[in-house]
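Remarks on the structure that follows.
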Amino acid sequence: MDTTAGRWLAPGRVNLIGEHTDYNEGYVLPLALPLGVTCTATTRADGTVRVRSRQAPCDSVETTTIDLGVAGWSEMPTWAHYPLGVIREFVRRGHEMHGIDLDLDGTVPIGAGLSSSAALSCSVAIALRDLFAPSVTSAEIIDIARTAENVYVGVPTGVLDQSASMLCTEGHVLFLDVRSGESQQIPFDLDRFGLELLVFDTGSPHHLVDGEYSRRRAECAAAAAELGVPFLRDVRDPAQVEQLSDPVLRRRARHVVTEDARVLRVVEKLRAGADPRVIGPTLTTGHASLRDDFEVSAPALDTAVDTAVAAGAHGARMVGGGFGGSVIALTDREHAQTIIDSVRKAFADNGFDAPRTFSVTPAAGAHRLPATTT
């Protein structure tokens, strides 16, 4: 195996259920997308890092050059802070590193709530691990990628996205207990039951750095403190939430506590081999909770969910941090096009841009790609 160059792929993710529970040390149930970010990496003899993204927001490919010893790079474009943050974390944690050229290319829609940023960070992280620090574990990769987003980009994410990108396996959803770090692969065979999981990218980008995401985290922490527990995951009886004096905190806590219960309910059914159709209503209930109690939905998301369910989907919900992004809908394969057409018409009728729509099956987590042959 070449120890100086290679190609690595980390997937985006969609969360079947379990939204805004990760930073409350609860439960999540993501699956990896067959879309991801590819990092082509080649080591250099000097201490220079060159980063290039084919999705940089400019007409031509943008190249960023830094020296690993330089402390500041605030003038760099925001997208470059993700890979550079990963490099900084490797160095900060004592891993010896030389220069490297990174060429990034992604297929995950940016701003769609499908974790393109975690895919980018994880693809770089596994490349650096294989080239410079082979003893680094998957758990450490997850922490490095999360820290890069938290510290070097300023997005206060939990570990859901990075864990999904690293740990998911083909044909399964990942049941992750965020507190313990324990995970299980739960079969999710859509083909067997004649189902499709549709994704509607509404085209309304979500922005996690605009303050609302941080506000929700702070509200959850305040609710937990008032209830006398470390995290909302520790609230065993949903009735406890009604003790909160502030109606906003009460709504936030209600969502997290009931969402954890929804994750456990879905896992129980899928683990028992149930027809996935039975989880549809739980997905839709989860959307109502995100819309009404956590207040992170948006008109386009609600339109997609309501229309998909009315057109025959077994269940639908927004995914990701919210305030825009994507919706998933669980549907019979034979009815998928009808649901797609209905959502597109509803968007046109409401003055929204047509959504990008695609079907997904659970894909493999981050890995090195085979060498290309010429």
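Each chain in the structure tokens gets a letter, A, B, ..., in the order shown, and its residues are numbered from 1; ligands are numbered from 1 in order too.
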
- request: From the DSSP assignment of the backbone, select every residue of region 74-261 of chain A that is helix (DSSP H, G or I), and format the answer as number ranges by chain.
  value: A: 78-92, 116-132, 138-153, 160-167, 191-193, 212-227, 232-234, 238-243, 247-261

Keeping C-alpha atoms, export the residues of the selection given above as a CSV table (one decimal), in the first residue's frame.
chain,number,residue,atom,x,y,z
A,78,THR,CA,-14.5,29.3,5.4
A,79,TRP,CA,-14.5,25.9,3.6
A,80,ALA,CA,-10.7,25.6,4.1
A,81,HIS,CA,-11.1,25.9,7.8
A,82,TYR,CA,-12.5,22.3,7.9
A,83,PRO,CA,-9.5,20.5,6.5
A,84,LEU,CA,-7.0,22.9,8.0
A,85,GLY,CA,-8.7,22.4,11.4
A,86,VAL,CA,-8.3,18.7,11.1
A,87,ILE,CA,-4.6,19.1,10.4
A,88,ARG,CA,-4.2,21.5,13.3
A,89,GLU,CA,-5.8,18.9,15.6
A,90,PHE,CA,-3.5,16.2,14.5
A,91,VAL,CA,-0.5,18.4,15.2
A,92,ARG,CA,-1.9,19.7,18.5
A,116,SER,CA,-21.2,17.6,3.9
A,117,SER,CA,-18.9,19.3,6.4
A,118,ALA,CA,-18.4,16.1,8.5
A,119,ALA,CA,-17.8,14.1,5.3
A,120,LEU,CA,-15.1,16.6,4.3
A,121,SER,CA,-13.5,16.6,7.8
A,122,CYS,CA,-13.6,12.8,8.1
A,123,SER,CA,-12.2,12.2,4.6
A,124,VAL,CA,-9.2,14.4,5.4
A,125,ALA,CA,-8.8,12.8,8.9
A,126,ILE,CA,-8.6,9.2,7.6
A,127,ALA,CA,-6.2,10.3,4.9
A,128,LEU,CA,-3.9,11.9,7.6
A,129,ARG,CA,-4.3,8.8,9.8
A,130,ASP,CA,-3.2,6.4,7.1
A,131,LEU,CA,-0.3,8.6,5.9
A,132,PHE,CA,1.0,9.9,9.2
A,138,SER,CA,-11.9,5.6,14.8
A,139,ALA,CA,-13.0,7.1,18.1
A,140,GLU,CA,-10.1,9.5,17.9
A,141,ILE,CA,-10.9,10.4,14.3
A,142,ILE,CA,-14.5,11.2,15.3
A,143,ASP,CA,-13.2,13.5,18.1
A,144,ILE,CA,-10.6,15.2,15.9
A,145,ALA,CA,-13.2,15.9,13.2
A,146,ARG,CA,-15.7,17.2,15.7
A,147,THR,CA,-13.1,19.4,17.3
A,148,ALA,CA,-12.1,20.8,14.0
A,149,GLU,CA,-15.7,22.0,13.4
A,150,ASN,CA,-16.2,23.2,17.0
A,151,VAL,CA,-12.9,25.1,17.4
A,152,TYR,CA,-11.6,26.0,14.0
A,153,VAL,CA,-14.9,26.6,12.2
A,160,LEU,CA,-23.7,12.5,15.3
A,161,ASP,CA,-22.4,13.5,11.9
A,162,GLN,CA,-18.8,12.4,12.4
A,163,SER,CA,-19.9,9.1,14.0
A,164,ALA,CA,-22.2,8.3,11.1
A,165,SER,CA,-19.5,9.1,8.5
A,166,MET,CA,-17.0,6.8,10.3
A,167,LEU,CA,-19.0,4.0,11.7
A,191,ASP,CA,-35.3,-3.5,-1.1
A,192,ARG,CA,-36.6,-6.6,0.8
A,193,PHE,CA,-39.8,-4.8,1.6
A,212,GLU,CA,-29.9,29.5,16.5
A,213,TYR,CA,-28.2,26.2,16.8
A,214,SER,CA,-26.1,27.5,19.7
A,215,ARG,CA,-29.2,28.9,21.3
A,216,ARG,CA,-31.0,25.5,21.2
A,217,ARG,CA,-28.0,23.9,22.9
A,218,ALA,CA,-28.0,26.6,25.6
A,219,GLU,CA,-31.7,26.1,26.1
A,220,CYS,CA,-31.3,22.4,26.5
A,221,ALA,CA,-28.5,22.9,29.0
A,222,ALA,CA,-30.7,25.4,30.9
A,223,ALA,CA,-33.6,23.0,31.0
A,224,ALA,CA,-31.4,20.1,32.2
A,225,ALA,CA,-30.0,22.3,35.0
A,226,GLU,CA,-33.5,23.4,36.2
A,227,LEU,CA,-34.5,19.7,36.2
A,232,LEU,CA,-31.8,15.9,29.1
A,233,ARG,CA,-31.0,12.3,28.3
A,234,ASP,CA,-31.3,11.7,32.1
A,238,PRO,CA,-41.5,12.8,30.2
A,239,ALA,CA,-43.9,14.2,32.8
A,240,GLN,CA,-40.9,15.8,34.5
A,241,VAL,CA,-40.6,18.2,31.6
A,242,GLU,CA,-43.9,19.9,32.7
A,243,GLN,CA,-42.1,21.1,35.9
A,247,PRO,CA,-42.6,27.5,28.3
A,248,VAL,CA,-39.7,27.7,25.8
A,249,LEU,CA,-37.5,25.5,27.9
A,250,ARG,CA,-40.4,23.2,28.4
A,251,ARG,CA,-40.9,22.8,24.7
A,252,ARG,CA,-37.2,22.2,24.0
A,253,ALA,CA,-37.0,19.6,26.7
A,254,ARG,CA,-40.2,17.9,25.6
A,255,HIS,CA,-38.7,17.4,22.1
A,256,VAL,CA,-35.4,15.9,23.3
A,257,VAL,CA,-37.0,13.5,25.8
A,258,THR,CA,-39.7,12.3,23.4
A,259,GLU,CA,-37.1,12.1,20.5
A,260,ASP,CA,-34.9,9.8,22.5
A,261,ALA,CA,-38.0,7.6,23.2

At a cut-off of 12 Å, can you tabulate as a Markdown table every residue of region 78-160 of chain A near region 355-364 of chain A together with its closest atom pair and the distance in Å to one decimal, using only C-alpha atoms and ordering rows by chain then number?
| residue | atom | partner | partner_atom | distance |
| --- | --- | --- | --- | --- |
| A:Val108 | CA | A:Phe358 | CA | 11.6 |
| A:Pro109 | CA | A:Arg356 | CA | 9.3 |
| A:Ala112 | CA | A:Arg356 | CA | 9.9 |
| A:Leu114 | CA | A:Val360 | CA | 11.7 |

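For the pair CA of Asp177 (chain A) and CA of Val37 (chain A), the interatomic distance is 25.6 Å.
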
- request: Quick one: pull the distance between CA of Arg50 (chain A) and CA of Leu102 (chain A), Å, one decimal.
  value: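 Distance between the two atoms: 6.1 Å.
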